[in-house]
Amino acid sequence: SKIVIVVQQETLRERPRIHKLTGILRERNIPFEVWKFGNEHDERFPGILARNLISTRWRQRPAILRYLVWMFAVFVAAWRCRHDAMFFSVGFDSAAPITFLSVRRPSLIFDNIDNISLSYKWPYGFSSIFRALESWVAWRAQVHVVPSRARWDRADRNLRVVTNTPSRQALGEAKAIAAQRQYQRGPDLTVYLNGWLPETRGIQTLVGALGVVKDRGIPIRVLVAGRPSCEAAVQLLAMDCTENLGMLTNAEALVAYYRTDLAFIYYDPSIAINRVAESQKWTDCWATNTAFITNQGVETLDPYARRDACLTLPYADSAGLASLLESLSRDRSPLERVRANLQKMEFRFWDDAMKDVVDEWLELNAKK
């Protein structure tokens with residue numbers, strides 16, 4: 001059997017876990033392909049066979065319509081190969097169609113990265129409906145993967161926790177590249193943010209703070225990697241202090257931490273899923289020993305906050321952030337303290353943990 005990785009993603013650069021997962025499968029010589037959405041001229045990655053189930057024109061349509069079309073396309077494609085494929089589905093929208101392929105439990109890992117019941121500000125009652133649907137998909141899957149128990153309060157027999165940490169392989173590549181380029185932290189305070197850049201990532205707060213420190217004549221450098229998805233992100237990229245790194249591979253995104261003083265990792269706490277965020281960027285900072293700041297109101301930040309292994313401020317406090325940046329530009333000792341406390345924390349690399357889950361899944365299907 002081949003493994004089909006199903007993910008509603010246009011560019012694979014925005015899903016580091018896909019590269020980490022395919023690395024595990026290649027190690028085991030297991031044939032696989034990725035089902036995504038996009039156009040035929042989209043970027044291609046060596047060793048990854050990608051198939052676009054719907055085109056990018058659906059990105060311009062209402063989200064609910066795009067999700068329904070995607071789920072229908074997944075069901076049709078999966079039905080055609082249901083007898084000789086195993087499915088690793090990233091997200092509810094990619095897993096739900098697989099559960100209806102047969103009466104028997106399908107060969108499915110439900111990688112529940114963002115609980116759909118928590119991810120949006122649903123009208124009253126809808127969150128409970130999606131929670132029930134999510135529970136159905138989790139029950140039907142052979143293995144249900146979550147990034148922490150904060151995301152799933154039931155101890156289901158098929159539940160497996162794989163923390164959002166970098167892969168050992170990507171970190172090794174990043175260290176080698178950083179050493180080759182002789183990256184180090186420079187005299188000017190350098191702030192880094194990467195990944196998807198919508199308005200719910202505190203970018204307006206950062207833009208406001210940078211405007212204040214600029215008026216005060218404080219030299220700050222900002223590194224930005226990822227896709228801007230809001231007006232504030234466009235403003236940030238246009239600022240003189242910003243270096244736009246563009247879209248990066250997982251390893252290249254890690255490389256930038258080695259010339260970073262402070263990673264900016266904010267989540268709008270008015271959205272339920274953000275209050276239980278499980279950011280890989282936090283553990284990227286642990287792996288690269290980089291200090292980071294995250295806003296208050298994120299419950300899952302507690303292990304870091306209790307150990308004084310991060311900095312925190314209110315989400316919309318631009319003035320407070322500006323004062324902090326000004327202070328850090330003159331005295332880096334708070335960052336050194338955070339880095340020292342980060343080093344004391346222990347995590348398991350993502351690929352080490354996911355290898356155990358994949359091996360268990362393969363064993364389950366070998367018995368069929």
# chains A, B, ... in the order shown; residues from 1 in each chain; ligands from 1

call {"tool": "residues_around", "arguments": {"residues": "Ile218 (chain A)", "least_positions_apart": "4", "cutoff": "7 Å", "atoms": "only C-alpha atoms", "output": "list in words"}}
result
Val213, Lys214 and Glu326 of chain A

call {"tool": "residues_around", "arguments": {"residues": "Glu336 (chain A)", "least_positions_apart": "5", "cutoff": "12 Å", "atoms": "only C-alpha atoms", "output": "NGL selection string"}}
result
:A and (261-262 or 289-292 or 308-311 or 328 or 331 or 341-343)

call {"tool": "residues_around", "arguments": {"residues": "Met354 (chain A)", "least_positions_apart": "6", "cutoff": "12 Å", "atoms": "only C-alpha atoms", "output": "list in words"}}
result
Arg17, Ile18, Lys20, Leu21, Thr22, Gly23, Ile24, Leu25, Phe88, Ile109, Asp111, Val143, His144, Val145, Val146, Pro147, Arg160, Val161, Val162, Thr163, Asn164, Thr165, Pro166, Ser167, Arg168, Arg348, Glu360 and Trp361 of chain A

call {"tool": "residues_around", "arguments": {"residues": "Ala73 (chain A)", "least_positions_apart": "6", "cutoff": "9 Å", "atoms": "only C-alpha atoms", "output": "MDAnalysis selection string"}}
result
chainID A and resid 53:54 97

call {"tool": "select_by_dssp", "arguments": {"residues": "region 104-157 of chain A", "states": "strand (DSSP E)", "output": "list in words"}}
result
Leu108, Ile109, Phe110, Asp111, Val143, His144, Val145 and Val146 of chain A

call {"tool": "write_last_selection", "arguments": {"atoms": "N, CA, C and O atoms", "output": "compact mmCIF listing (two decimals), in the first residue's frame"}}
result
# COMPACT_ATOMS: atom_id res chain seq x y z
N LEU A 108 -6.46 5.24 8.49
CA LEU A 108 -6.40 6.70 8.59
C LEU A 108 -5.71 7.18 9.86
O LEU A 108 -6.02 6.70 10.96
N ILE A 109 -4.77 8.09 9.69
CA ILE A 109 -4.28 8.92 10.78
C ILE A 109 -4.93 10.28 10.64
O ILE A 109 -4.84 10.92 9.60
N PHE A 110 -5.61 10.71 11.69
CA PHE A 110 -6.21 12.05 11.75
C PHE A 110 -5.24 12.94 12.50
O PHE A 110 -5.14 12.89 13.72
N ASP A 111 -4.49 13.76 11.75
CA ASP A 111 -3.52 14.69 12.33
C ASP A 111 -4.27 15.98 12.65
O ASP A 111 -4.40 16.86 11.80
N VAL A 143 -5.65 6.20 14.23
CA VAL A 143 -4.80 6.96 15.15
C VAL A 143 -5.21 8.43 15.07
O VAL A 143 -5.40 8.98 13.98
N HIS A 144 -5.36 9.05 16.24
CA HIS A 144 -5.74 10.47 16.33
C HIS A 144 -4.57 11.20 16.99
O HIS A 144 -4.24 10.95 18.15
N VAL A 145 -3.94 12.11 16.25
CA VAL A 145 -2.75 12.82 16.73
C VAL A 145 -3.12 14.25 17.09
O VAL A 145 -3.75 14.96 16.30
N VAL A 146 -2.71 14.69 18.28
CA VAL A 146 -2.89 16.09 18.71
C VAL A 146 -1.55 16.62 19.22
O VAL A 146 -0.70 15.85 19.65

call {"tool": "select_by_dssp", "arguments": {"residues": "region 111-275 of chain A", "states": "helix (DSSP H, G or I)", "output": "ChimeraX atom specification"}}
result
/A:116-119,126-140,149-151,168-180,199-201,203-215,231-238,250-259,272-275

call {"tool": "residues_around", "arguments": {"residues": "Ile265 (chain A)", "least_positions_apart": "4", "cutoff": "10 Å", "atoms": "only C-alpha atoms", "output": "mmCIF file with all heavy atoms, in the first residue's frame"}}
result
data_model
loop_
_atom_site.group_PDB
_atom_site.id
_atom_site.type_symbol
_atom_site.label_atom_id
_atom_site.label_comp_id
_atom_site.auth_asym_id
_atom_site.auth_seq_id
_atom_site.Cartn_x
_atom_site.Cartn_y
_atom_site.Cartn_z
ATOM 1 N N TYR A 192 12.550 38.683 14.846
ATOM 2 C CA TYR A 192 12.234 37.752 13.748
ATOM 3 C C TYR A 192 10.812 37.239 13.900
ATOM 4 O O TYR A 192 10.395 36.845 14.994
ATOM 5 C CB TYR A 192 13.225 36.592 13.794
ATOM 6 C CG TYR A 192 13.018 35.492 12.768
ATOM 7 C CD1 TYR A 192 12.655 35.747 11.458
ATOM 8 C CD2 TYR A 192 13.237 34.154 13.133
ATOM 9 C CE1 TYR A 192 12.498 34.725 10.532
ATOM 10 C CE2 TYR A 192 13.098 33.124 12.209
ATOM 11 C CZ TYR A 192 12.717 33.408 10.912
ATOM 12 O OH TYR A 192 12.574 32.380 9.993
ATOM 13 N N LEU A 193 10.043 37.252 12.808
ATOM 14 C CA LEU A 193 8.760 36.565 12.778
ATOM 15 C C LEU A 193 8.625 35.843 11.452
ATOM 16 O O LEU A 193 9.123 36.305 10.420
ATOM 17 C CB LEU A 193 7.597 37.514 13.016
ATOM 18 C CG LEU A 193 7.271 38.612 12.010
ATOM 19 C CD1 LEU A 193 5.817 39.055 12.206
ATOM 20 C CD2 LEU A 193 8.174 39.813 12.201
ATOM 21 N N ASN A 194 7.983 34.684 11.495
ATOM 22 C CA ASN A 194 7.892 33.867 10.282
ATOM 23 C C ASN A 194 6.599 33.073 10.250
ATOM 24 O O ASN A 194 5.877 32.982 11.235
ATOM 25 C CB ASN A 194 9.104 32.929 10.190
ATOM 26 C CG ASN A 194 9.108 31.864 11.263
ATOM 27 O OD1 ASN A 194 8.313 30.934 11.246
ATOM 28 N ND2 ASN A 194 10.001 31.996 12.237
ATOM 29 N N GLY A 195 6.330 32.486 9.089
ATOM 30 C CA GLY A 195 5.139 31.659 8.903
ATOM 31 C C GLY A 195 4.006 32.434 8.255
ATOM 32 O O GLY A 195 4.215 33.425 7.556
ATOM 33 N N ARG A 201 -1.952 37.641 14.261
ATOM 34 C CA ARG A 201 -0.616 37.318 14.774
ATOM 35 C C ARG A 201 0.073 38.538 15.396
ATOM 36 O O ARG A 201 1.286 38.570 15.534
ATOM 37 C CB ARG A 201 0.263 36.733 13.665
ATOM 38 C CG ARG A 201 -0.167 35.369 13.164
ATOM 39 C CD ARG A 201 -0.057 34.301 14.256
ATOM 40 N NE ARG A 201 -0.362 32.967 13.729
ATOM 41 C CZ ARG A 201 -1.569 32.424 13.757
ATOM 42 N NH1 ARG A 201 -2.593 33.102 14.280
ATOM 43 N NH2 ARG A 201 -1.774 31.220 13.262
ATOM 44 N N GLY A 202 -0.710 39.541 15.760
ATOM 45 C CA GLY A 202 -0.166 40.686 16.477
ATOM 46 C C GLY A 202 0.697 41.614 15.642
ATOM 47 O O GLY A 202 1.457 42.426 16.191
ATOM 48 N N ILE A 203 0.589 41.527 14.328
ATOM 49 C CA ILE A 203 1.483 42.306 13.474
ATOM 50 C C ILE A 203 1.201 43.798 13.583
ATOM 51 O O ILE A 203 2.127 44.620 13.542
ATOM 52 C CB ILE A 203 1.382 41.815 12.014
ATOM 53 C CG1 ILE A 203 1.724 40.325 11.955
ATOM 54 C CG2 ILE A 203 2.329 42.595 11.109
ATOM 55 C CD1 ILE A 203 1.543 39.688 10.604
ATOM 56 N N SER A 279 2.552 26.338 19.491
ATOM 57 C CA SER A 279 3.377 26.884 18.421
ATOM 58 C C SER A 279 4.703 26.139 18.281
ATOM 59 O O SER A 279 5.453 26.001 19.254
ATOM 60 C CB SER A 279 3.660 28.358 18.699
ATOM 61 O OG SER A 279 4.518 28.895 17.722
ATOM 62 N N LYS A 281 7.007 27.431 16.740
ATOM 63 C CA LYS A 281 7.993 28.509 16.844
ATOM 64 C C LYS A 281 8.569 28.610 18.255
ATOM 65 O O LYS A 281 9.724 28.963 18.444
ATOM 66 C CB LYS A 281 7.373 29.834 16.408
ATOM 67 C CG LYS A 281 6.871 29.848 14.962
ATOM 68 C CD LYS A 281 6.241 31.180 14.632
ATOM 69 C CE LYS A 281 5.612 31.149 13.240
ATOM 70 N NZ LYS A 281 4.424 30.284 13.165
ATOM 71 N N TRP A 282 7.754 28.286 19.279
ATOM 72 C CA TRP A 282 8.295 28.271 20.646
ATOM 73 C C TRP A 282 9.407 27.236 20.774
ATOM 74 O O TRP A 282 10.456 27.512 21.347
ATOM 75 C CB TRP A 282 7.189 27.951 21.653
ATOM 76 C CG TRP A 282 6.084 28.950 21.734
ATOM 77 C CD1 TRP A 282 6.087 30.233 21.267
ATOM 78 C CD2 TRP A 282 4.794 28.741 22.312
ATOM 79 N NE1 TRP A 282 4.885 30.837 21.521
ATOM 80 C CE2 TRP A 282 4.064 29.957 22.162
ATOM 81 C CE3 TRP A 282 4.177 27.675 22.944
ATOM 82 C CZ2 TRP A 282 2.760 30.107 22.624
ATOM 83 C CZ3 TRP A 282 2.880 27.814 23.410
ATOM 84 C CH2 TRP A 282 2.178 29.019 23.247
ATOM 85 N N PHE A 292 12.211 34.551 23.027
ATOM 86 C CA PHE A 292 11.006 34.935 22.291
ATOM 87 C C PHE A 292 10.033 35.662 23.195
ATOM 88 O O PHE A 292 10.082 35.577 24.424
ATOM 89 C CB PHE A 292 10.338 33.722 21.635
ATOM 90 C CG PHE A 292 9.673 32.749 22.592
ATOM 91 C CD1 PHE A 292 8.333 32.898 22.942
ATOM 92 C CD2 PHE A 292 10.373 31.674 23.114
ATOM 93 C CE1 PHE A 292 7.705 31.999 23.798
ATOM 94 C CE2 PHE A 292 9.773 30.763 23.977
ATOM 95 C CZ PHE A 292 8.431 30.929 24.327
ATOM 96 N N ILE A 293 9.134 36.410 22.556
ATOM 97 C CA ILE A 293 8.055 37.101 23.254
ATOM 98 C C ILE A 293 6.726 36.630 22.686
ATOM 99 O O ILE A 293 6.562 36.493 21.469
ATOM 100 C CB ILE A 293 8.189 38.636 23.138
ATOM 101 C CG1 ILE A 293 7.060 39.316 23.945
ATOM 102 C CG2 ILE A 293 8.191 39.110 21.686
ATOM 103 C CD1 ILE A 293 7.262 40.814 24.119
ATOM 104 N N THR A 294 5.779 36.343 23.585
ATOM 105 C CA THR A 294 4.421 35.949 23.209
ATOM 106 C C THR A 294 3.454 36.742 24.079
ATOM 107 O O THR A 294 3.783 37.099 25.215
ATOM 108 C CB THR A 294 4.209 34.437 23.408
ATOM 109 O OG1 THR A 294 5.037 33.727 22.512
ATOM 110 C CG2 THR A 294 2.771 34.036 23.131
ATOM 111 N N ASN A 295 2.273 37.006 23.558
ATOM 112 C CA ASN A 295 1.308 37.788 24.318
ATOM 113 C C ASN A 295 0.683 36.983 25.448
ATOM 114 O O ASN A 295 0.640 35.749 25.425
ATOM 115 C CB ASN A 295 0.201 38.314 23.399
ATOM 116 C CG ASN A 295 -0.517 37.215 22.659
ATOM 117 O OD1 ASN A 295 -0.013 36.736 21.651
ATOM 118 N ND2 ASN A 295 -1.683 36.790 23.142
ATOM 119 N N THR A 312 6.569 38.223 27.992
ATOM 120 C CA THR A 312 5.146 38.361 27.654
ATOM 121 C C THR A 312 4.693 39.803 27.843
ATOM 122 O O THR A 312 5.215 40.532 28.689
ATOM 123 C CB THR A 312 4.255 37.459 28.532
ATOM 124 O OG1 THR A 312 4.384 37.846 29.904
ATOM 125 C CG2 THR A 312 4.622 35.995 28.370
#

call {"tool": "residues_around", "arguments": {"residues": "Ala253 (chain A)", "least_positions_apart": "3", "cutoff": "12 Å", "atoms": "only C-alpha atoms", "output": "PDB file with C-alpha atoms, in the first residue's frame"}}
result
ATOM      1  CA  ARG A  13       6.621  25.515   2.179  1.00  0.00           C
ATOM      2  CA  GLU A  14       3.855  26.620   4.549  1.00  0.00           C
ATOM      3  CA  ARG A  15       3.536  23.163   6.097  1.00  0.00           C
ATOM      4  CA  PRO A  16       6.896  22.133   7.608  1.00  0.00           C
ATOM      5  CA  PRO A 166      11.329  20.890  14.941  1.00  0.00           C
ATOM      6  CA  ALA A 170      15.962  20.064   9.786  1.00  0.00           C
ATOM      7  CA  LEU A 171      17.750  21.410  12.842  1.00  0.00           C
ATOM      8  CA  GLU A 173      20.703  21.241   8.327  1.00  0.00           C
ATOM      9  CA  ALA A 174      20.019  24.669   9.840  1.00  0.00           C
ATOM     10  CA  LYS A 175      23.039  24.508  12.150  1.00  0.00           C
ATOM     11  CA  ILE A 177      23.984  26.408   7.039  1.00  0.00           C
ATOM     12  CA  ALA A 178      24.249  28.966   9.844  1.00  0.00           C
ATOM     13  CA  TYR A 192      12.234  37.752  13.748  1.00  0.00           C
ATOM     14  CA  LEU A 193       8.760  36.565  12.778  1.00  0.00           C
ATOM     15  CA  ASN A 194       7.892  33.867  10.282  1.00  0.00           C
ATOM     16  CA  GLY A 195       5.139  31.659   8.903  1.00  0.00           C
ATOM     17  CA  LEU A 223      13.529  39.710   9.735  1.00  0.00           C
ATOM     18  CA  VAL A 224      10.277  38.528   8.141  1.00  0.00           C
ATOM     19  CA  ALA A 225       9.734  35.167   6.442  1.00  0.00           C
ATOM     20  CA  GLY A 226       6.405  33.917   5.166  1.00  0.00           C
ATOM     21  CA  LEU A 245      13.322  36.762   3.559  1.00  0.00           C
ATOM     22  CA  GLY A 246      10.366  35.545   1.479  1.00  0.00           C
ATOM     23  CA  MET A 247       9.069  31.978   1.575  1.00  0.00           C
ATOM     24  CA  LEU A 248      11.589  29.631   3.188  1.00  0.00           C
ATOM     25  CA  THR A 249      12.012  25.901   3.635  1.00  0.00           C
ATOM     26  CA  ASN A 250      11.753  24.550   7.179  1.00  0.00           C
ATOM     27  CA  ALA A 256      17.332  32.808  10.606  1.00  0.00           C
ATOM     28  CA  TYR A 257      17.029  32.236  14.365  1.00  0.00           C
ATOM     29  CA  TYR A 258      20.831  32.124  14.571  1.00  0.00           C
ATOM     30  CA  ARG A 259      20.996  35.847  13.781  1.00  0.00           C
ATOM     31  CA  THR A 260      17.957  36.739  15.886  1.00  0.00           C
ATOM     32  CA  ALA A 263      11.431  36.022  18.047  1.00  0.00           C
ATOM     33  CA  GLN A 280       6.309  25.103  16.835  1.00  0.00           C
ATOM     34  CA  LYS A 281       7.993  28.509  16.844  1.00  0.00           C
ATOM     35  CA  ASP A 284      12.147  26.362  17.388  1.00  0.00           C
ATOM     36  CA  CYS A 285      13.407  28.919  19.896  1.00  0.00           C
ATOM     37  CA  THR A 288      18.092  27.263  18.474  1.00  0.00           C
TER      38      THR A 288
END

call {"tool": "closest_residue", "arguments": {"among": "A:Ala316, A:Ala287, A:Ala150, A:Ile273", "to": "Glu199 (chain A)", "atoms": "only C-alpha atoms"}}
result
A:Ala316

call {"tool": "closest_residue", "arguments": {"among": "A:Leu313, A:Thr56, A:Val69, A:Met86", "to": "Val34 (chain A)", "atoms": "only C-alpha atoms"}}
result
A:Met86

call {"tool": "atom_distance", "arguments": {"atom1": "CA of Phe347 (chain A)", "atom2": "CA of Leu254 (chain A)"}}
result
16.6 Å

call {"tool": "decode", "arguments": {"residues": "region 153-164 of chain A", "atoms": "N, CA and C atoms", "output": "PDB file, in the first residue's frame"}}
result
ATOM      1  N   ASP A 153      -9.469  16.707  25.653  1.00  0.00           N
ATOM      2  CA  ASP A 153      -9.551  16.379  27.076  1.00  0.00           C
ATOM      3  C   ASP A 153      -9.949  14.935  27.363  1.00  0.00           C
ATOM      4  N   ARG A 154     -10.241  14.150  26.318  1.00  0.00           N
ATOM      5  CA  ARG A 154     -10.610  12.753  26.537  1.00  0.00           C
ATOM      6  C   ARG A 154      -9.403  11.845  26.289  1.00  0.00           C
ATOM      7  N   ALA A 155      -9.260  10.832  27.114  1.00  0.00           N
ATOM      8  CA  ALA A 155      -8.143   9.896  26.971  1.00  0.00           C
ATOM      9  C   ALA A 155      -8.553   8.728  26.069  1.00  0.00           C
ATOM     10  N   ASP A 156      -8.828   9.013  24.791  1.00  0.00           N
ATOM     11  CA  ASP A 156      -9.235   7.972  23.853  1.00  0.00           C
ATOM     12  C   ASP A 156      -8.100   6.969  23.627  1.00  0.00           C
ATOM     13  N   ARG A 157      -8.459   5.735  23.349  1.00  0.00           N
ATOM     14  CA  ARG A 157      -7.452   4.684  23.168  1.00  0.00           C
ATOM     15  C   ARG A 157      -6.557   4.948  21.966  1.00  0.00           C
ATOM     16  N   ASN A 158      -7.081   5.608  20.946  1.00  0.00           N
ATOM     17  CA  ASN A 158      -6.286   5.863  19.731  1.00  0.00           C
ATOM     18  C   ASN A 158      -5.590   7.219  19.741  1.00  0.00           C
ATOM     19  N   LEU A 159      -5.651   7.942  20.868  1.00  0.00           N
ATOM     20  CA  LEU A 159      -5.067   9.279  20.957  1.00  0.00           C
ATOM     21  C   LEU A 159      -3.554   9.202  21.168  1.00  0.00           C
ATOM     22  N   ARG A 160      -2.814   9.968  20.365  1.00  0.00           N
ATOM     23  CA  ARG A 160      -1.366  10.053  20.515  1.00  0.00           C
ATOM     24  C   ARG A 160      -0.973  11.536  20.508  1.00  0.00           C
ATOM     25  N   VAL A 161      -0.095  11.927  21.411  1.00  0.00           N
ATOM     26  CA  VAL A 161       0.353  13.319  21.510  1.00  0.00           C
ATOM     27  C   VAL A 161       1.740  13.447  20.883  1.00  0.00           C
ATOM     28  N   VAL A 162       1.842  14.305  19.870  1.00  0.00           N
ATOM     29  CA  VAL A 162       3.131  14.602  19.234  1.00  0.00           C
ATOM     30  C   VAL A 162       3.308  16.119  19.285  1.00  0.00           C
ATOM     31  N   THR A 163       4.178  16.565  20.159  1.00  0.00           N
ATOM     32  CA  THR A 163       4.382  18.005  20.362  1.00  0.00           C
ATOM     33  C   THR A 163       4.952  18.656  19.112  1.00  0.00           C
ATOM     34  N   ASN A 164       4.531  19.893  18.856  1.00  0.00           N
ATOM     35  CA  ASN A 164       5.036  20.647  17.697  1.00  0.00           C
ATOM     36  C   ASN A 164       6.461  21.122  17.954  1.00  0.00           C
TER      37      ASN A 164
END
